[in-house]
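Remarks on the structure that follows.
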Amino acid sequence: MSGVEKNEGEPLAPGLYLVATPIGNLEDITLRALRVLRSVDRIACEDTRQTQKLLNHFGIQKPTVSYHMHNETGRAAELVEQLRAGARIAVVSDAGTPGIADPGAQIASAALDAGIPVFPVPGANAAISALVGSGLSAETFTFLGFLPAKSGQRRTALEHLRGQSSALGTCLFYEAPHRIVESLADVEAVFGGGQYVVVARELTKLHEEFLRGTVREVRAALSARDSVRGEMVLMFAPKTAATDAPVASIAEEVRTLMREQNLDEKDALKRVAKSRGIGKSDAYRELQRERSR
């Protein structure tokens, strides 16, 4: 891009500002973000209490209003009416870039439909930060938000990825710490234990960590910890079915244990669940799903 727009000292234009905020390290706030937050008439926040901490830290005093997934539709209409009257409104999420797995996209669309200018104010984003630090290819990548919370649905989503892996490049997912081991177990089941993965944890914070290796190795490392904390980004370039032998299904493993170790189905299923790092109930649901195919 050629040329640099000079905005310092100029009054802020009316419109909607989607302002990225730090995901952990407060030094990642941009000078432009601070100027916009100081200049707008109102700040719409995913959590007003969380944003107030940020504003207090930088000595910013502005009215705030809640704007989250539970009131997004009604609040968006209210804010658009204020924008129609010439207001300058910033939207922020708790951390990162609004609209990326956080509220923001709906009000941006509504504002544009109303002929109101929308200004993105770039800054921190967990997915992009994780990708560039992962060592995986960033030539082609696909951000897929959060994997489904339930194991059966998560497995189905991953199986769908396997069918289109060549077009996706590196896949990025957000994941919660209490589900990461189960999600890795499902990745292993679908793509094989040799699938290379990277898990980024606590990005930009004191305990920032990248775990790199085969999915079997990374799952074992996290399973061995007393607790797993911090928001996660899970990344891998999906292998095709031909590049790695598929892991046996839960039903196959259960039958093998029942035959070779003389276990009943309940005990065999418990052992399979433990070996895969998933809950017994999730293993049972997956067993039923496999049997219903």
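The chains in the structure tokens are called A, B, ... from first to last as shown; in each chain the residues are counted from 1, and the ligands are counted from 1 in the order shown.
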
Can you pull out every residue from segment 83-168 of chain A that DSSP, working from the backbone, puts in helix (DSSP H, G or I), and format the result as number ranges by chain? A: 83-84, 105-113, 126-134, 151-162, 165-168

Keeping N, CA, C and O atoms, export the residues of the selection given above as a compact mmCIF listing (two decimals), in the first residue's frame.
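Writing the result to out-v2.txt gives the following:
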# COMPACT_ATOMS: atom_id res chain seq x y z
N LEU A 83 -26.14 5.86 15.71
CA LEU A 83 -25.20 6.12 14.62
C LEU A 83 -25.86 6.93 13.51
O LEU A 83 -25.23 7.80 12.91
N ARG A 84 -27.13 6.67 13.25
CA ARG A 84 -27.86 7.44 12.24
C ARG A 84 -27.89 8.93 12.62
O ARG A 84 -27.90 9.81 11.74
N ALA A 105 -19.91 -8.73 14.34
CA ALA A 105 -20.29 -8.87 12.93
C ALA A 105 -21.71 -8.39 12.68
O ALA A 105 -21.99 -7.76 11.64
N GLN A 106 -22.61 -8.65 13.62
CA GLN A 106 -24.01 -8.30 13.39
C GLN A 106 -24.21 -6.79 13.34
O GLN A 106 -24.91 -6.27 12.46
N ILE A 107 -23.59 -6.06 14.26
CA ILE A 107 -23.78 -4.61 14.25
C ILE A 107 -23.04 -3.99 13.06
O ILE A 107 -23.50 -2.99 12.48
N ALA A 108 -21.92 -4.57 12.64
CA ALA A 108 -21.23 -4.06 11.46
C ALA A 108 -22.12 -4.19 10.23
O ALA A 108 -22.23 -3.25 9.42
N SER A 109 -22.77 -5.33 10.09
CA SER A 109 -23.67 -5.55 8.96
C SER A 109 -24.85 -4.59 9.00
O SER A 109 -25.24 -4.00 7.98
N ALA A 110 -25.43 -4.40 10.21
CA ALA A 110 -26.58 -3.51 10.35
C ALA A 110 -26.20 -2.06 10.05
O ALA A 110 -26.96 -1.32 9.42
N ALA A 111 -25.01 -1.67 10.49
CA ALA A 111 -24.55 -0.31 10.22
C ALA A 111 -24.35 -0.08 8.73
O ALA A 111 -24.77 0.95 8.18
N LEU A 112 -23.75 -1.02 8.05
CA LEU A 112 -23.53 -0.89 6.62
C LEU A 112 -24.85 -0.84 5.86
O LEU A 112 -25.00 -0.08 4.90
N ASP A 113 -25.81 -1.67 6.29
CA ASP A 113 -27.13 -1.65 5.65
C ASP A 113 -27.80 -0.28 5.80
O ASP A 113 -28.59 0.14 4.95
N ALA A 126 -5.90 -13.69 18.52
CA ALA A 126 -5.26 -14.92 18.98
C ALA A 126 -4.94 -15.88 17.84
O ALA A 126 -3.87 -16.50 17.82
N ALA A 127 -5.86 -16.03 16.90
CA ALA A 127 -5.65 -16.99 15.82
C ALA A 127 -4.44 -16.62 14.97
O ALA A 127 -3.58 -17.47 14.68
N ILE A 128 -4.34 -15.37 14.56
CA ILE A 128 -3.22 -14.94 13.73
C ILE A 128 -1.91 -14.98 14.50
O ILE A 128 -0.87 -15.40 13.97
N SER A 129 -1.94 -14.56 15.76
CA SER A 129 -0.72 -14.62 16.58
C SER A 129 -0.23 -16.06 16.72
O SER A 129 0.97 -16.33 16.64
N ALA A 130 -1.18 -16.98 16.95
CA ALA A 130 -0.81 -18.39 17.08
C ALA A 130 -0.24 -18.93 15.79
O ALA A 130 0.76 -19.66 15.77
N LEU A 131 -0.87 -18.59 14.67
CA LEU A 131 -0.44 -19.11 13.38
C LEU A 131 0.99 -18.69 13.05
O LEU A 131 1.82 -19.52 12.66
N VAL A 132 1.30 -17.41 13.21
CA VAL A 132 2.63 -16.95 12.81
C VAL A 132 3.71 -17.48 13.74
O VAL A 132 4.89 -17.53 13.37
N GLY A 133 3.34 -17.89 14.95
CA GLY A 133 4.32 -18.46 15.87
C GLY A 133 4.36 -19.97 15.87
O GLY A 133 5.17 -20.57 16.57
N SER A 134 3.50 -20.59 15.08
CA SER A 134 3.36 -22.05 15.13
C SER A 134 4.43 -22.79 14.35
O SER A 134 4.78 -23.92 14.67
N SER A 151 -18.60 -34.60 21.78
CA SER A 151 -17.62 -35.42 21.08
C SER A 151 -18.13 -35.94 19.74
O SER A 151 -17.42 -35.91 18.73
N GLY A 152 -19.37 -36.43 19.70
CA GLY A 152 -19.90 -36.98 18.46
C GLY A 152 -19.96 -35.95 17.36
O GLY A 152 -19.56 -36.21 16.21
N GLN A 153 -20.45 -34.76 17.68
CA GLN A 153 -20.52 -33.68 16.70
C GLN A 153 -19.12 -33.20 16.30
O GLN A 153 -18.87 -32.86 15.14
N ARG A 154 -18.23 -33.19 17.28
CA ARG A 154 -16.85 -32.77 17.00
C ARG A 154 -16.18 -33.76 16.04
O ARG A 154 -15.51 -33.36 15.08
N ARG A 155 -16.39 -35.05 16.28
CA ARG A 155 -15.81 -36.07 15.40
C ARG A 155 -16.37 -35.94 13.98
O ARG A 155 -15.63 -36.06 13.00
N THR A 156 -17.65 -35.69 13.89
CA THR A 156 -18.26 -35.51 12.56
C THR A 156 -17.67 -34.32 11.83
O THR A 156 -17.38 -34.38 10.63
N ALA A 157 -17.47 -33.20 12.56
CA ALA A 157 -16.88 -32.01 11.95
C ALA A 157 -15.46 -32.28 11.46
O ALA A 157 -15.07 -31.84 10.37
N LEU A 158 -14.70 -33.02 12.24
CA LEU A 158 -13.33 -33.34 11.84
C LEU A 158 -13.30 -34.28 10.64
O LEU A 158 -12.45 -34.16 9.75
N GLU A 159 -14.22 -35.23 10.61
CA GLU A 159 -14.29 -36.14 9.46
C GLU A 159 -14.63 -35.37 8.19
O GLU A 159 -14.14 -35.71 7.10
N HIS A 160 -15.46 -34.34 8.32
CA HIS A 160 -15.79 -33.50 7.17
C HIS A 160 -14.54 -32.78 6.66
O HIS A 160 -14.35 -32.63 5.45
N LEU A 161 -13.67 -32.35 7.57
CA LEU A 161 -12.44 -31.68 7.17
C LEU A 161 -11.53 -32.61 6.38
O LEU A 161 -10.88 -32.19 5.42
N ARG A 162 -11.51 -33.87 6.78
CA ARG A 162 -10.62 -34.82 6.11
C ARG A 162 -10.97 -34.94 4.64
O ARG A 162 -10.09 -35.11 3.80
N SER A 165 -9.32 -31.71 2.86
CA SER A 165 -8.08 -31.24 3.49
C SER A 165 -7.16 -30.51 2.54
O SER A 165 -6.47 -29.57 2.94
N SER A 166 -7.12 -30.92 1.28
CA SER A 166 -6.16 -30.30 0.36
C SER A 166 -6.44 -28.83 0.10
O SER A 166 -5.54 -28.07 -0.25
N ALA A 167 -7.69 -28.41 0.28
CA ALA A 167 -8.05 -27.02 0.00
C ALA A 167 -7.97 -26.12 1.23
O ALA A 167 -8.05 -24.90 1.10
N LEU A 168 -7.82 -26.70 2.41
CA LEU A 168 -7.94 -25.92 3.64
C LEU A 168 -6.62 -25.30 4.10
O LEU A 168 -6.63 -24.29 4.80

Thr30 of chain A environment, 9 Å, only C-alpha atoms, sequence neighbours closer than 6 positions dropped, as a list in words: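 Skipping anything fewer than 6 positions along the chain leaves Ala20, Thr21, Pro22, Val121, Pro122, Gly123 and Ala124 of chain A.
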
Those of segment 2-224 of chain A in DSSP strand (DSSP E or B), formatted as number ranges by chain: A: 15-19, 21, 42-45, 64-66, 88-92, 96, 118-121, 141-146, 170-175, 196-201, 209-214

Restricting the calculation to only C-alpha atoms, which member of A:Leu257, A:Ala95, A:Ala221, A:Ile250 is positioned closest to Asp282 of chain A?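 Smallest distance to Asp282 of chain A is found for A:Ile250.
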
When distances are computed from only C-alpha atoms, which of A:Val118, A:Ala90, A:Leu18, A:Ala76 shows the smallest separation from Asp41 of chain A?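 Answer, going by the shortest atom-to-atom distance: A:Ala90.
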
List as an MDAnalysis selection string the protein and nucleic acid residues near Gln195 of chain A, meaning an atom at most 8 Å away when only C-alpha atoms are counted, but skip any in the same chain fewer than 6 places from it. chainID A and resid 188 214:216 236 238:239 244

Please determine, counting only C-alpha atoms, which residue among A:Ala101, A:Leu211, A:Ala189, A:Val218 has the shortest atom-to-atom distance to Leu147 of chain A.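 Selected residue with least distance to Leu147 of chain A: A:Ala101.
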
Considering only C-alpha atoms, state which residue in the set A:Arg49, A:Arg38, A:Ala77, A:Gly104 is at the smallest distance from Gln61 of chain A.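 That would be A:Arg38, the residue with the smallest distance to Gln61 of chain A.
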
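As for atom CA of His68 of chain A and atom CA of Leu184 of chain A, they are spaced 29.4 Å apart.
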
Interatomic distance, atom CA of Ala283 of chain A to atom CA of Val228 of chain A (Å, one decimal): 21.1 Å

Suppose you want the space between atom CA of Gln52 of chain A and atom CA of Glu78 of chain A; what is it in Å?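 Between atom CA of Gln52 of chain A and atom CA of Glu78 of chain A the gap is 21.4 Å.
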
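Using only C-alpha atoms, the smallest distance between any of A:Leu136, A:Ala176, A:Leu54, A:Leu287 and Gly213 of chain A comes from A:Leu136.
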
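Compared by their closest atoms to Asp226 of chain A, and using only C-alpha atoms, the residues A:Ala85, A:Pro63, A:Val187, A:His178 rank with A:His178 nearest.
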
Ser93 of chain A: which residues within 6 Å, counting only C-alpha atoms, same-chain residues fewer than 2 positions away excluded, as a VMD selection string? chain A and resid 45 to 46 95 98

Write to file, as a PDB file, in the first residue's frame, the residues of the selection just made, with all heavy atoms.
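Output below, filename result.pdb:
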ATOM      1  N   CYS A  45     -19.520  -2.846  24.793  1.00  0.00           N
ATOM      2  CA  CYS A  45     -18.573  -3.837  25.313  1.00  0.00           C
ATOM      3  C   CYS A  45     -19.228  -5.206  25.474  1.00  0.00           C
ATOM      4  O   CYS A  45     -20.373  -5.311  25.913  1.00  0.00           O
ATOM      5  CB  CYS A  45     -18.062  -3.422  26.694  1.00  0.00           C
ATOM      6  SG  CYS A  45     -17.711  -1.672  26.902  1.00  0.00           S
ATOM      7  N   GLU A  46     -18.462  -6.240  25.182  1.00  0.00           N
ATOM      8  CA  GLU A  46     -18.931  -7.599  25.458  1.00  0.00           C
ATOM      9  C   GLU A  46     -19.186  -7.767  26.958  1.00  0.00           C
ATOM     10  O   GLU A  46     -20.153  -8.388  27.369  1.00  0.00           O
ATOM     11  CB  GLU A  46     -17.903  -8.617  24.964  1.00  0.00           C
ATOM     12  CG  GLU A  46     -18.355 -10.051  25.123  1.00  0.00           C
ATOM     13  CD  GLU A  46     -17.342 -11.054  24.589  1.00  0.00           C
ATOM     14  OE1 GLU A  46     -16.212 -10.655  24.235  1.00  0.00           O
ATOM     15  OE2 GLU A  46     -17.682 -12.244  24.538  1.00  0.00           O
ATOM     16  N   ALA A  95     -11.455  -9.392  24.649  1.00  0.00           N
ATOM     17  CA  ALA A  95     -10.056  -9.429  24.215  1.00  0.00           C
ATOM     18  C   ALA A  95     -10.019  -9.802  22.745  1.00  0.00           C
ATOM     19  O   ALA A  95     -10.806 -10.624  22.287  1.00  0.00           O
ATOM     20  CB  ALA A  95      -9.268 -10.459  25.031  1.00  0.00           C
ATOM     21  N   PRO A  98     -13.134  -7.725  17.577  1.00  0.00           N
ATOM     22  CA  PRO A  98     -14.581  -7.951  17.526  1.00  0.00           C
ATOM     23  C   PRO A  98     -14.998  -8.612  16.216  1.00  0.00           C
ATOM     24  O   PRO A  98     -14.463  -8.298  15.151  1.00  0.00           O
ATOM     25  CB  PRO A  98     -15.158  -6.532  17.628  1.00  0.00           C
ATOM     26  CG  PRO A  98     -14.090  -5.719  18.264  1.00  0.00           C
ATOM     27  CD  PRO A  98     -12.797  -6.303  17.785  1.00  0.00           C
TER      28      PRO A  98
END

As a ChimeraX atom specification, please: the residues near Asp94 of chain A (cut-off 7 Å, only C-alpha atoms, same-chain neighbours under 3 positions excluded). /A:46-47,50-51

Keeping only N, CA and C atoms, write those residues as a compact mmCIF listing (two decimals), in the first residue's frame.
# COMPACT_ATOMS: atom_id res chain seq x y z
N GLU A 46 -18.46 -6.24 25.18
CA GLU A 46 -18.93 -7.60 25.46
C GLU A 46 -19.19 -7.77 26.96
N ASP A 47 -18.30 -7.22 27.77
CA ASP A 47 -18.46 -7.22 29.22
C ASP A 47 -17.97 -5.85 29.72
N GLN A 50 -15.11 -5.91 32.28
CA GLN A 50 -13.79 -6.25 31.74
C GLN A 50 -13.19 -5.06 31.00
N THR A 51 -14.01 -4.40 30.19
CA THR A 51 -13.51 -3.24 29.43
C THR A 51 -13.15 -2.09 30.34
